[in-house]
Every structure is written in structure tokens, then in C-alpha cells.
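Asker: Here you go, query-v7.cif (mmCIF, C-alpha atoms):
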data_final
loop_
_atom_site.label_atom_id
_atom_site.label_comp_id
_atom_site.auth_asym_id
_atom_site.auth_seq_id
_atom_site.Cartn_x
_atom_site.Cartn_y
_atom_site.Cartn_z
CA MET A 1 -16.55 161.71 -181.39
CA ASN A 2 -16.98 157.94 -181.69
CA ASN A 3 -20.47 156.57 -181.09
CA PRO A 4 -20.21 154.77 -177.69
CA TYR A 5 -23.05 152.42 -178.70
CA LEU A 6 -21.35 151.27 -181.90
CA PRO A 7 -19.07 148.23 -181.53
CA TYR A 8 -15.93 147.61 -183.54
CA PRO A 9 -16.20 144.54 -185.78
CA VAL A 10 -13.75 141.83 -184.68
CA ARG A 11 -12.96 138.28 -185.78
CA ILE A 12 -12.29 135.38 -183.42
CA ASP A 13 -8.67 134.46 -184.15
CA ASP A 14 -8.18 131.80 -181.49
CA ILE A 15 -10.12 130.01 -178.75
CA GLU A 16 -8.41 128.33 -175.80
CA ILE A 17 -10.12 126.19 -173.16
CA ALA A 18 -8.94 127.88 -169.98
CA THR A 19 -10.04 125.46 -167.23
CA GLU A 20 -10.42 121.71 -166.91
CA ASP A 21 -14.20 121.90 -166.54
CA LYS A 22 -14.37 123.88 -169.82
CA SER A 23 -16.51 126.57 -168.17
CA LEU A 24 -14.00 129.26 -169.13
CA ARG A 25 -12.57 129.95 -172.55
CA THR A 26 -10.09 132.59 -173.64
CA PHE A 27 -10.98 134.33 -176.90
CA LYS A 28 -8.41 136.16 -178.98
CA PHE A 29 -9.93 138.82 -181.25
CA VAL A 30 -8.42 140.77 -184.12
CA PHE A 31 -9.94 143.97 -185.51
CA LEU A 32 -11.36 143.83 -189.02
CA ASN A 33 -10.92 147.48 -189.94
CA GLU A 34 -7.59 149.27 -190.17
CA GLY A 35 -7.20 151.81 -187.41
CA ASP A 36 -9.76 150.29 -185.05
CA GLU A 37 -7.11 148.73 -182.81
CA GLU A 38 -5.53 152.15 -182.34
CA LYS A 39 -8.94 153.65 -181.52
CA PHE A 40 -9.51 150.87 -178.99
CA ALA A 41 -6.66 152.18 -176.82
CA TYR A 42 -7.12 150.76 -173.33
CA LYS A 43 -5.33 150.57 -170.00
CA ALA A 44 -4.93 147.60 -167.69
CA GLY A 45 -8.04 147.28 -165.54
CA GLN A 46 -10.58 148.40 -168.14
CA PHE A 47 -13.55 146.52 -169.58
CA ALA A 48 -15.36 146.15 -172.88
CA GLU A 49 -18.72 144.89 -174.05
CA LEU A 50 -18.62 141.72 -176.15
CA SER A 51 -21.48 142.23 -178.60
CA ILE A 52 -23.18 139.47 -180.59
CA PRO A 53 -25.82 140.74 -183.07
CA GLY A 54 -29.26 139.32 -182.36
CA VAL A 55 -28.14 137.83 -179.06
CA GLY A 56 -26.93 140.60 -176.76
CA GLU A 57 -23.79 141.91 -175.12
CA ILE A 58 -21.89 141.37 -171.89
CA PRO A 59 -19.30 143.44 -169.98
CA ILE A 60 -16.03 141.54 -169.59
CA GLY A 61 -12.67 142.61 -168.20
CA ILE A 62 -9.90 142.87 -170.78
CA ALA A 63 -7.44 140.03 -170.16
CA SER A 64 -4.81 141.12 -172.67
CA SER A 65 -2.42 143.90 -171.78
CA PRO A 66 -1.84 147.23 -173.55
CA VAL A 67 1.73 146.07 -174.22
CA GLU A 68 0.39 143.18 -176.33
CA LYS A 69 -0.28 144.36 -179.87
CA GLY A 70 -2.29 143.02 -182.79
CA PHE A 71 -5.08 141.43 -180.76
CA VAL A 72 -7.21 141.71 -177.64
CA LYS A 73 -8.11 138.85 -175.28
CA PHE A 74 -11.03 138.04 -173.00
CA THR A 75 -11.53 135.03 -170.73
CA VAL A 76 -15.26 134.29 -170.56
CA PHE A 77 -17.19 132.20 -168.04
CA LYS A 78 -20.13 130.31 -169.51
CA ALA A 79 -23.07 131.50 -167.43
CA GLY A 80 -25.99 132.81 -169.49
CA LYS A 81 -27.45 133.36 -172.94
CA VAL A 82 -24.70 135.54 -174.41
CA THR A 83 -21.77 133.67 -172.88
CA SER A 84 -23.26 130.29 -173.90
CA HIS A 85 -23.65 131.54 -177.48
CA LEU A 86 -20.08 132.83 -177.46
CA HIS A 87 -18.75 129.49 -176.20
CA ASN A 88 -20.40 127.85 -179.22
CA MET A 89 -18.80 130.22 -181.73
CA LYS A 90 -15.83 129.20 -183.85
CA VAL A 91 -12.52 130.64 -184.98
CA GLY A 92 -13.26 132.94 -187.91
CA ASP A 93 -16.66 134.07 -186.64
CA VAL A 94 -17.27 137.83 -186.60
CA MET A 95 -18.87 139.80 -183.75
CA GLY A 96 -18.59 143.19 -182.05
CA LEU A 97 -16.40 144.79 -179.39
CA ARG A 98 -17.55 147.98 -177.69
CA GLY A 99 -15.23 150.07 -175.57
CA PRO A 100 -12.86 150.39 -173.86
CA LEU A 101 -15.05 151.17 -170.87
CA GLY A 102 -14.69 152.30 -167.29
CA ASN A 103 -11.61 153.53 -165.48
CA TRP A 104 -8.42 151.61 -164.75
CA TYR A 105 -5.95 150.91 -161.99
CA PRO A 106 -4.18 154.18 -161.08
CA TRP A 107 -0.88 153.48 -162.81
CA ASP A 108 0.49 156.99 -162.41
CA LYS A 109 -0.06 156.80 -158.66
CA LEU A 110 1.48 153.31 -158.50
CA GLU A 111 4.75 154.29 -160.16
CA GLY A 112 7.63 153.99 -157.72
CA LYS A 113 5.49 151.92 -155.33
CA ASN A 114 5.30 148.28 -154.30
CA VAL A 115 2.18 146.50 -155.54
CA PHE A 116 0.43 143.62 -153.76
CA ILE A 117 -2.11 141.87 -156.01
CA ILE A 118 -4.76 139.53 -154.60
CA GLY A 119 -6.94 137.67 -157.11
CA GLY A 120 -9.57 134.98 -156.94
CA GLY A 121 -11.22 132.74 -159.52
CA PHE A 122 -11.83 134.00 -163.03
CA ALA A 123 -11.68 137.63 -161.86
CA PHE A 124 -7.94 137.27 -162.43
CA THR A 125 -8.38 138.53 -166.01
CA THR A 126 -7.72 142.25 -165.45
CA LEU A 127 -4.98 141.28 -162.98
CA ARG A 128 -3.29 139.24 -165.70
CA SER A 129 -3.43 142.37 -167.86
CA SER A 130 -1.91 144.41 -165.04
CA ILE A 131 0.94 142.01 -164.30
CA LYS A 132 1.85 141.76 -167.99
CA TYR A 133 1.89 145.56 -168.08
CA MET A 134 4.14 145.91 -165.03
CA LEU A 135 6.54 143.15 -166.09
CA ASP A 136 7.02 144.54 -169.58
CA PRO A 137 10.67 145.63 -170.03
CA ALA A 138 9.54 149.17 -170.83
CA ASN A 139 7.63 149.40 -167.53
CA ARG A 140 9.25 147.14 -164.93
CA ALA A 141 11.63 149.81 -163.60
CA LYS A 142 8.66 152.10 -162.91
CA PHE A 143 7.46 149.89 -160.04
CA GLY A 144 8.95 148.53 -156.86
CA GLY A 145 8.30 145.03 -155.56
CA ILE A 146 5.45 143.06 -157.12
CA HIS A 147 3.73 140.49 -154.90
CA MET A 148 0.83 138.30 -155.92
CA VAL A 149 -1.61 135.86 -154.27
CA TYR A 150 -3.95 134.05 -156.62
CA GLY A 151 -6.46 131.49 -155.44
CA ALA A 152 -8.87 129.07 -157.10
CA ARG A 153 -11.05 126.16 -156.01
CA SER A 154 -8.77 123.51 -157.52
CA PRO A 155 -5.63 123.25 -159.70
CA GLY A 156 -7.73 122.80 -162.82
CA MET A 157 -9.47 126.14 -162.23
CA ILE A 158 -6.27 128.21 -162.18
CA LEU A 159 -6.10 130.46 -165.23
CA TYR A 160 -3.05 131.16 -167.40
CA ARG A 161 -0.99 128.30 -165.92
CA ASP A 162 1.77 128.51 -168.55
CA GLU A 163 2.29 132.21 -167.88
CA LEU A 164 2.25 131.72 -164.13
CA ILE A 165 5.01 129.13 -164.48
CA GLU A 166 7.09 131.59 -166.49
CA TRP A 167 6.49 134.37 -163.99
CA GLU A 168 7.59 132.06 -161.17
CA LYS A 169 11.02 131.79 -162.78
CA ARG A 170 11.56 135.55 -162.53
CA ASP A 171 13.29 137.18 -159.58
CA ASP A 172 11.34 140.44 -159.82
CA ILE A 173 7.89 139.13 -158.81
CA ASN A 174 6.80 137.03 -155.81
CA ILE A 175 4.01 134.61 -156.73
CA HIS A 176 1.88 132.62 -154.29
CA LEU A 177 -0.73 130.24 -155.70
CA THR A 178 -3.33 128.56 -153.53
CA ILE A 179 -6.31 126.23 -153.82
CA ASP A 180 -9.15 125.73 -151.36
CA ARG A 181 -8.42 122.08 -150.51
CA GLU A 182 -5.60 119.56 -150.82
CA ALA A 183 -5.16 118.01 -154.27
CA PRO A 184 -2.76 115.42 -155.71
CA ASN A 185 0.55 116.77 -157.06
CA TRP A 186 -0.13 120.29 -155.81
CA ASP A 187 3.08 121.86 -154.50
CA TYR A 188 1.84 125.30 -153.57
CA HIS A 189 -0.32 126.79 -150.81
CA VAL A 190 -3.56 125.25 -149.63
CA GLY A 191 -6.16 127.55 -148.10
CA LEU A 192 -8.40 130.45 -148.93
CA GLY A 193 -6.77 133.41 -150.64
CA PRO A 194 -7.31 135.90 -147.78
CA ASN A 195 -5.67 133.51 -145.29
CA ILE A 196 -2.63 133.09 -147.54
CA ALA A 197 -2.47 136.85 -148.13
CA GLU A 198 -2.26 137.38 -144.37
CA LYS A 199 0.71 134.99 -144.15
CA VAL A 200 2.78 136.14 -147.12
CA GLY A 201 1.60 139.66 -147.93
CA PRO A 202 3.96 142.61 -147.60
CA PRO A 203 3.10 145.05 -144.81
CA GLY A 204 1.18 148.14 -145.77
CA ASN A 205 2.94 151.51 -145.75
CA ASP A 206 3.09 154.72 -147.76
CA ASP A 207 5.07 152.95 -150.50
CA THR A 208 2.84 149.89 -150.89
CA TYR A 209 -0.58 149.55 -152.52
CA ALA A 210 -2.90 146.54 -152.65
CA ILE A 211 -5.09 145.65 -155.62
CA ALA A 212 -7.82 143.08 -154.96
CA CYS A 213 -10.16 141.60 -157.54
CA GLY A 214 -12.38 138.59 -157.07
CA PRO A 215 -15.85 137.44 -156.05
CA PRO A 216 -17.55 139.59 -153.39
CA ILE A 217 -17.13 136.93 -150.70
CA MET A 218 -13.36 136.91 -151.30
CA ILE A 219 -13.18 140.68 -151.09
CA LYS A 220 -15.24 140.64 -147.89
CA PHE A 221 -12.64 138.49 -146.14
CA THR A 222 -9.65 140.14 -147.80
CA LEU A 223 -10.36 143.67 -146.52
CA PRO A 224 -9.83 142.84 -142.81
CA VAL A 225 -6.58 141.10 -143.74
CA LEU A 226 -5.28 144.15 -145.59
CA GLU A 227 -6.24 146.43 -142.73
CA LYS A 228 -4.49 144.05 -140.31
CA LEU A 229 -1.37 144.23 -142.50
CA GLY A 230 -1.47 148.00 -142.15
CA TYR A 231 -2.89 149.15 -145.47
CA ALA A 232 -4.57 152.54 -145.36
CA LYS A 233 -7.99 152.72 -146.97
CA ASP A 234 -6.70 154.92 -149.80
CA HIS A 235 -4.00 152.31 -150.52
CA ILE A 236 -6.52 149.49 -151.07
CA ILE A 237 -7.77 149.41 -154.66
CA LEU A 238 -10.81 147.34 -155.62
CA SER A 239 -12.72 146.59 -158.81
CA LEU A 240 -16.51 146.30 -158.72
CA GLU A 241 -16.53 144.35 -161.96
CA ASN A 242 -19.63 142.39 -160.97
CA ARG A 243 -21.64 145.63 -161.11
CA MET A 244 -20.78 146.56 -164.71
CA LYS A 245 -23.86 146.73 -166.97
CA CYS A 246 -24.22 148.92 -170.09
CA GLY A 247 -20.68 150.27 -169.77
CA ILE A 248 -21.46 153.97 -170.10
CA GLY A 249 -23.71 154.69 -167.14
CA MET A 250 -26.90 155.19 -169.15
CA CYS A 251 -29.08 152.31 -167.95
CA GLY A 252 -28.59 153.18 -164.27
CA ARG A 253 -28.45 149.55 -163.14
CA CYS A 254 -24.86 149.82 -161.90
CA ASN A 255 -25.37 152.52 -159.27
CA ILE A 256 -24.14 152.33 -155.70
CA GLY A 257 -25.51 155.48 -154.14
CA ARG A 258 -24.58 158.39 -156.41
CA GLU A 259 -21.76 156.47 -158.10
CA LEU A 260 -22.31 154.73 -161.43
CA VAL A 261 -19.87 151.83 -161.59
CA CYS A 262 -19.79 151.80 -165.40
CA LYS A 263 -18.97 155.50 -165.54
CA ASP A 264 -17.16 156.31 -162.28
CA GLY A 265 -15.55 152.87 -161.84
CA PRO A 266 -15.26 149.97 -161.77
CA VAL A 267 -12.00 150.78 -159.94
CA PHE A 268 -12.38 152.49 -156.56
CA THR A 269 -10.25 152.79 -153.44
CA LEU A 270 -11.70 151.48 -150.21
CA GLU A 271 -11.72 155.07 -148.99
CA GLU A 272 -14.01 156.01 -151.88
CA LEU A 273 -16.27 153.00 -151.38
CA ASN A 274 -16.71 153.80 -147.70
CA LEU A 275 -18.58 156.91 -148.79
CA THR A 276 -21.15 154.80 -150.65
CA PRO A 277 -23.75 152.25 -149.51
CA LYS A 278 -22.09 149.03 -148.36
CA GLU A 279 -21.08 146.94 -151.39
CA TYR A 280 -19.14 144.15 -149.66
#
Would you write the structure of this file as C-alpha cells?

Answerer:
Amino acid sequence: MNNPYLPYPVRIDDIEIATEDKSLRTFKFVFLNEGDEEKFAYKAGQFAELSIPGVGEIPIGIASSPVEKGFVKFTVFKAGKVTSHLHNMKVGDVMGLRGPLGNWYPWDKLEGKNVFIIGGGFAFTTLRSSIKYMLDPANRAKFGGIHMVYGARSPGMILYRDELIEWEKRDDINIHLTIDREAPNWDYHVGLGPNIAEKVGPPGNDDTYAIACGPPIMIKFTLPVLEKLGYAKDHIILSLENRMKCGIGMCGRCNIGRELVCKDGPVFTLEELNLTPKEY
């Protein structure tokens, strides 16, 4: 059995500034040891701990998709000691990657179903992984319609713009982008994500599931919209990524009632969360 505390050594292969304010950067890592990439087998929706010796580690959603080989990607918001140190690192620097951690979106259950994705801000990382997974030629036929609403404060804060443009050209995914307020040369929706989801979202039924990932305030206002659209509580899938801590449920700081988000989550249905203390 692999030691869950021992990170895999990885090298920074590329760094991309992800937003105009430079607060988010996308890091592309490659594994140093042969066989480690295969051991780090993950599914869309999972997390990992980015580990910097002598500094600390942070749980971050995996932004790359299992269908992308030879590397793993993370988009990191500069917020504290570890993330600030990481933002100052350079291509070629070596650090650690521990995981994969947590559960994932229920892909077996979603096969044959329509999927409505609602994302907000930089929480779009695991949703990017999920969309890449579903759109892959080997997987696309497994799913029905794919609908997406993604919102950010301003155009410059939208992640993965080049990929979004490419996805827009496809006829097998419906994409709706929105920003909070009017901005020059913006040709998409204007308004908060939940409001746009109410206008363009597919109705809920037995064949349609919703996946929502974003800041707690976004989730708070998205849930009534999904219920209004007719989504049953067991067809609303959420990720409590903001509660991830040590990644393996040992420190106990991620608990909501009896559930340990690092161990039992971070992915839960609304039906499951309604059995726990109120999170949103």
C-alpha cells in the first residue's frame, strides 16, 4: 500500500497566467519517477495536495482531465503562504504532489444522462476536468446533452478562455458565459450565474443531473434555482471543495456532522447534504 502522506516528486513544466489580475496561475506538472503517473490515477472531480518542502501543502482541485496524459494541471489562486510561494516558483522547480484524494463526480450514474454544469469563479477547475472528460471522443457517446453556465466577476477573470472558445464551436455542448456587470466588448450574458441558470438551464427530470461548483454564496442562490427547474435533491451534485484540509480525514478539520469531507467527499448530492448540519 502506498503511504498516503508521501507525495510524488513532480517538476513544474509550464506556468500560465490564468487571469488578467494575475491572481490565478495554471501549473503544469510532470512526474519525475517512471510509473508515478500511472499510480496517480485520478477521476474528474478529485483533488490533490500540492506539497512544498519547508513551506506546507494545500488541497487543490485537479484541473487536468484523466484523458490528458503525460502531465497534471492545477489552477491556483494566490491567497496565503503556500500559494504565494508557489506563484513565485519557476519552470523546472521540483515539489511534491500527494493524492489523488477524495471522491469524484458519479460518472457511472451519469452515463446515458443529460448533465447541467454550473460553475463560478476559480472553482471551475474540476468542472474543466469534467467537461474535457465528457467531450473526449472515447466518452462523448456515453452522455446525453451537456449544458454549462459559467460565471465570473469580469471577462478578465474567466478561466480557460481559449478552450471555452473551442467548445463554443461544437454542436454537442451548450455553453453560456456570464459576468456580473456590463463590460466593453462582452457579447455574452450579463448577470449572476444563478439568474442565468434559471433562464437557460434544462428542466430537471429523471434523465438530467446538475453539477454545481463555486463559492458558497453562489451555491446558496443556485440551489433554489435548481429546485425551481425541477431537479430532485438526489439529482443535484455539489462539491464542498472549500472544506478540504489534510485530504485523508485524519486531522478532523473538514467534518460536517459525522461526514469528513476529505474522506467521504468532497462530492455529495443535495440529498446527502440535507442529512448533515447546514453547509450552505

Asker: Can you check which parts of range 215-255 of chain A lie within 8 Å of range 179-199 of chain A? Per residue, the shortest pair of atoms and distance in Å to one decimal, counting only C-alpha atoms, sorted by chain and number, as CSV.

Answerer:
residue,atom,partner,partner_atom,distance
A:Met218,CA,A:Pro194,CA,7.1
A:Phe221,CA,A:Pro194,CA,6.1
A:Thr222,CA,A:Pro194,CA,4.8
A:Val225,CA,A:Glu198,CA,5.7
A:Leu226,CA,A:Glu198,CA,7.5
A:Leu229,CA,A:Glu198,CA,7.2

Asker: Within 8 Å of range 169-173 of chain A, counting only C-alpha atoms, which residues qualify if same-chain residues fewer than 6 places away don't, as a ChimeraX atom specification?

Answerer: /A:145-148

Asker: Just the residues within 12 Å of Lys220 in chain A, please, counting all atoms listed in the file, with nothing from its chain fewer than 6 positions along; format it as a list in words.

Answerer: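 Returned residues: Gly193, Pro194, Ala212, Cys213, Gly214, Leu226, Glu227, Leu238, Leu270, Lys278, Glu279 and Tyr280 of chain A.
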
Asker: Any chance you could export the current selection's C-alpha atoms as an mmCIF file, in the coordinates of the input?

Answerer:
data_model
loop_
_atom_site.group_PDB
_atom_site.id
_atom_site.type_symbol
_atom_site.label_atom_id
_atom_site.label_comp_id
_atom_site.auth_asym_id
_atom_site.auth_seq_id
_atom_site.Cartn_x
_atom_site.Cartn_y
_atom_site.Cartn_z
ATOM 1 C CA GLY A 193 -6.770 133.410 -150.640
ATOM 2 C CA PRO A 194 -7.310 135.900 -147.780
ATOM 3 C CA ALA A 212 -7.820 143.080 -154.960
ATOM 4 C CA CYS A 213 -10.160 141.600 -157.540
ATOM 5 C CA GLY A 214 -12.380 138.590 -157.070
ATOM 6 C CA LEU A 226 -5.280 144.150 -145.590
ATOM 7 C CA GLU A 227 -6.240 146.430 -142.730
ATOM 8 C CA LEU A 238 -10.810 147.340 -155.620
ATOM 9 C CA LEU A 270 -11.700 151.480 -150.210
ATOM 10 C CA LYS A 278 -22.090 149.030 -148.360
ATOM 11 C CA GLU A 279 -21.080 146.940 -151.390
ATOM 12 C CA TYR A 280 -19.140 144.150 -149.660
#

Asker: Could you tell me, as a JSON list (two decimals) with C-alpha atoms, in the coordinates of the input, exactly which residues end up selected when the PyMOL selection byres ((chain A and resi 243) around 8) is applied to this structure?

Answerer:
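Listed below is the output, selection-v2.json:
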[["chain", "number", "residue", "atom", "x", "y", "z"],
["A", 240, "LEU", "CA", -16.51, 146.30, -158.72],
["A", 241, "GLU", "CA", -16.53, 144.35, -161.96],
["A", 242, "ASN", "CA", -19.63, 142.39, -160.97],
["A", 244, "MET", "CA", -20.78, 146.56, -164.71],
["A", 245, "LYS", "CA", -23.86, 146.73, -166.97],
["A", 254, "CYS", "CA", -24.86, 149.82, -161.90],
["A", 261, "VAL", "CA", -19.87, 151.83, -161.59],
["A", 262, "CYS", "CA", -19.79, 151.80, -165.40],
["A", 266, "PRO", "CA", -15.26, 149.97, -161.77]]

Asker: Let me know the residues the PyMOL selection byres ((chain A and resi 144) around 12) catches in the file above, as a list in words.

Answerer: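 For this structure, the PyMOL selection byres ((chain A and resi 144) around 12) resolves to Leu110, Glu111, Gly112, Lys113, Asn114, Val115, Phe116, Met134, Leu135, Asn139, Arg140, Ala141, Lys142, Phe143, Gly145, Ile146, His147, Asp172, Ile173, Asn174, Asp207, Thr208 and Tyr209 of chain A.
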